[in-house]
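So the structure is just underneath, and the comments pick up after that.
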Amino acid sequence: MAINPDAVGSKSEPVEASWTSKDALLYAVGIGAGHEDLAFTTENSDDVEQLVYPTFPVVVGWGRGSAMGKIGKFNPAMLVHGQQAVTLHRPIPVAGTATLTSEITGIYDKGSAAVVVSETTAVMDGEPLYTNVGSSFMRGEGGWGGDRGPSGPKNVPPERTADHEVTYVTNRDQAFVYRLSGDRNPLHTDPTFAAMGGFDTPILHGLCSYGFTGRGLLSALCGDDPTRFHHVEGRFASPVIPGDSLTVRMWLTGDGEALFTTSATPADGGDERVVIDQGLLRHSSLRFGVRPRNVTSYAMGSDPET
């Protein structure tokens with residue numbers, strides 16, 4: 001094992017990260033938005049003010065200010081994204097500069113793998129803007145006898161039909177667009193590198209499918225209004241292959257709270273599989289039954305990456 005369990009508590013030096021209108025637009029098309037999402041994909045449409053998707057913070061300052069350099073050496077081909085949470089303290093502006101600080105908050109021994117949890121806080125104009133919490137699952141880095149960390153069921157949906165359901169189709173070349181927002185990991189584009197990680201073909205970025213999921217949640221439960229979207233979290237349960245269809249199912253479980261899962265169906269019509277679970281959204285309530293835009297299916301009822 002090469003990683004250092006004593007790195008918990010290590011912090012990065014604060015770094016400044018800037019983004020522009022173009023960065024927000026590129027992220028939007030990278031998570032599948034297009035002609036039906038002009039507020040997120042254009043900056044010059046008549047009577048349309050540009051908005052930023054609430055999951056955009058996952059790409060702000062990509063690769064800068066991370067505390068992951070404190071944990072020691074590991075094989076990047078054996079790393080997959082485990083979980084991701086984004087908490088918005090206020091809406092993300094179309095352009096700006098924030099100060100990012102990252103901290104390693106947990107390193108857990110899962111036996112055959114290690115899980116490293118990090119938290120990044122962003123401050124803009126002296127006030128909190130957002131907080132990202134993510135975990136990395138590192139195959140082959142466990143086995144030192146450390147704490148296994150949290151486990152067990154979390155954010156389990158009720159056993160009834162989902163209240164909302166949306167489906168998006170990912171493009172076969174989706175990863176080639178998404179990677180331009182920062183994550184150039186060849187796992188998502190290079191067949192040789194993907195094979196080193198044990199995959200038959202390059203897989204879609206977990207945070208790309210996370211962005212598709214965020215689009216569905218924003219549309220179905222927040223009326224495409226980012227000011228209503230406050231917190232989202234989920235666990236990456238299985239890889240997504242570019243070209244898969246992604247179905248986001250949502251269960252309303254309280255005022256301003258919903259649980260969700262995201263499932264993938266192969267382009268050839270194979271079996272559906274859950275790719276994001278343990279999903280939780282906190283939002284400002286919207287009247288029940290508002291139909292989302294830009295979806296290929298919609299339904300409402302009464303009753304581990306990438």
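In the structure tokens, chains take letters A, B, ... by order of appearance, with residues numbered from 1 within each chain and ligands from 1 in the order shown.
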Could you give me, as a PyMOL selection string, each residue of stretch 12-137 of chain A that DSSP assigns to strand (DSSP E) when run on this structure's backbone?
chain A and resi 15-19+79-88+96-109+113-124+127-137
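All residues within stretch 150-282 of chain A that the backbone DSSP calculation assigns to alpha helix (DSSP H) are Gln174, Ala175, Phe176, Val177, Tyr178, Pro191, Thr192, Phe193, Ala194, Ala195, Met196, Gly206, Leu207, Cys208, Ser209, Tyr210, Gly211, Phe212, Thr213, Gly214, Arg215, Gly216, Leu217, Leu218, Ser219, Ala220, Leu221 and Cys222 of chain A.
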If you count only C-alpha atoms, which residues fall within 7 Å of stretch 227-232 of chain A, apart from same-chain ones fewer than 6 positions away, as number ranges by chain?
A: 54, 85-88, 91, 218, 280-284
One residue among A:Tyr168, A:Tyr108, A:Phe193, A:Phe212 is nearest to A:Gly30 when using only C-alpha atoms, and that residue is A:Phe212
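Ranking A:Gly279, A:Gly216, A:Pro5, A:Gly143 by their shortest atom-to-atom distance to A:Phe236, with only C-alpha atoms included, puts A:Gly279 first.
Between atom CA of A:Ala122 and atom CA of A:Ser181 the separation is 17.9 Å.
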Residues within 9 Å of stretch 247-260 of chain A, only C-alpha atoms, excluding chain neighbours under 2 positions, as a short mmCIF file (atom, residue, chain, number, x, y, z; two decimals) with C-alpha atoms, in the first residue's frame:
data_model
loop_
_atom_site.label_atom_id
_atom_site.label_comp_id
_atom_site.auth_asym_id
_atom_site.auth_seq_id
_atom_site.Cartn_x
_atom_site.Cartn_y
_atom_site.Cartn_z
CA ASN A 155 -31.17 7.42 1.34
CA VAL A 156 -33.17 4.32 0.41
CA PRO A 157 -36.24 5.18 -1.71
CA PRO A 158 -39.67 4.02 -0.55
CA ARG A 160 -43.55 2.54 -4.43
CA THR A 161 -43.64 4.01 -7.89
CA ALA A 162 -41.42 7.07 -8.30
CA ASP A 163 -43.19 10.44 -8.26
CA HIS A 164 -41.12 11.71 -11.18
CA GLU A 165 -39.07 10.01 -13.86
CA VAL A 166 -36.95 11.48 -16.63
CA THR A 167 -34.77 9.82 -19.24
CA TYR A 168 -31.89 11.27 -21.23
CA VAL A 169 -29.83 9.55 -23.91
CA PHE A 212 -27.18 14.51 -16.32
CA THR A 213 -28.83 13.51 -13.05
CA GLY A 216 -33.23 15.91 -14.40
CA LEU A 217 -33.63 16.91 -10.75
CA ALA A 220 -38.52 18.00 -12.58
CA LEU A 221 -38.39 19.41 -9.05
CA GLY A 234 -25.24 10.31 -4.46
CA SER A 245 -29.82 5.99 -21.70
CA THR A 262 -30.19 6.94 -11.76
CA SER A 263 -30.25 3.83 -13.94
CA ALA A 264 -28.58 3.13 -17.28
CA THR A 265 -29.89 1.10 -20.20
CA ILE A 276 -26.19 6.22 -9.02
CA ASP A 277 -27.90 5.35 -5.75
CA GLN A 278 -28.17 6.78 -2.21
CA GLY A 279 -29.38 9.96 -3.93
CA LEU A 280 -30.71 12.90 -1.93
CA LEU A 281 -31.85 16.32 -3.16
CA ARG A 282 -32.72 19.26 -0.93
CA HIS A 283 -34.56 22.03 -2.73
CA SER A 284 -37.15 24.76 -2.40
CA SER A 285 -40.55 23.17 -2.90
CA LEU A 286 -42.39 23.55 -6.19
CA SER A 297 -40.06 10.17 -20.83
CA ALA A 299 -44.02 9.48 -15.19
#
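Among the candidate residues A:Gly9, A:Gly34, A:Gly142, A:Gly61, the one lying nearest to A:Phe74 is A:Gly142, with distances computed using only C-alpha atoms.
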Between atom CA of A:Asp224 and atom CA of A:Glu49, what is the spacing in Å?
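Separation of atom CA of A:Glu49 and atom CA of A:Asp224: 12.6 Å.
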If you count only C-alpha atoms, which residues fall within 7 Å of A:Val8, apart from same-chain ones fewer than 4 positions away, as a ChimeraX atom specification?
/A:104-107
For the residues selected in the previous step, produce a file with N, CA and C atoms as an mmCIF file, in the first residue's frame.
data_model
loop_
_atom_site.group_PDB
_atom_site.id
_atom_site.type_symbol
_atom_site.label_atom_id
_atom_site.label_comp_id
_atom_site.auth_asym_id
_atom_site.auth_seq_id
_atom_site.Cartn_x
_atom_site.Cartn_y
_atom_site.Cartn_z
ATOM 1 N N ILE A 104 -8.429 16.621 3.335
ATOM 2 C CA ILE A 104 -8.696 15.187 3.417
ATOM 3 C C ILE A 104 -9.422 14.937 4.734
ATOM 4 N N THR A 105 -10.662 14.486 4.664
ATOM 5 C CA THR A 105 -11.469 14.321 5.877
ATOM 6 C C THR A 105 -11.628 12.864 6.289
ATOM 7 N N GLY A 106 -11.188 11.921 5.459
ATOM 8 C CA GLY A 106 -11.272 10.515 5.842
ATOM 9 C C GLY A 106 -10.488 9.628 4.900
ATOM 10 N N ILE A 107 -9.849 8.604 5.438
ATOM 11 C CA ILE A 107 -9.214 7.547 4.644
ATOM 12 C C ILE A 107 -9.605 6.226 5.286
#
Which of these residues is nearest to A:Ile203, using only C-alpha atoms: A:Pro186, A:Ile71, A:Pro242, A:Cys222?
A:Pro242
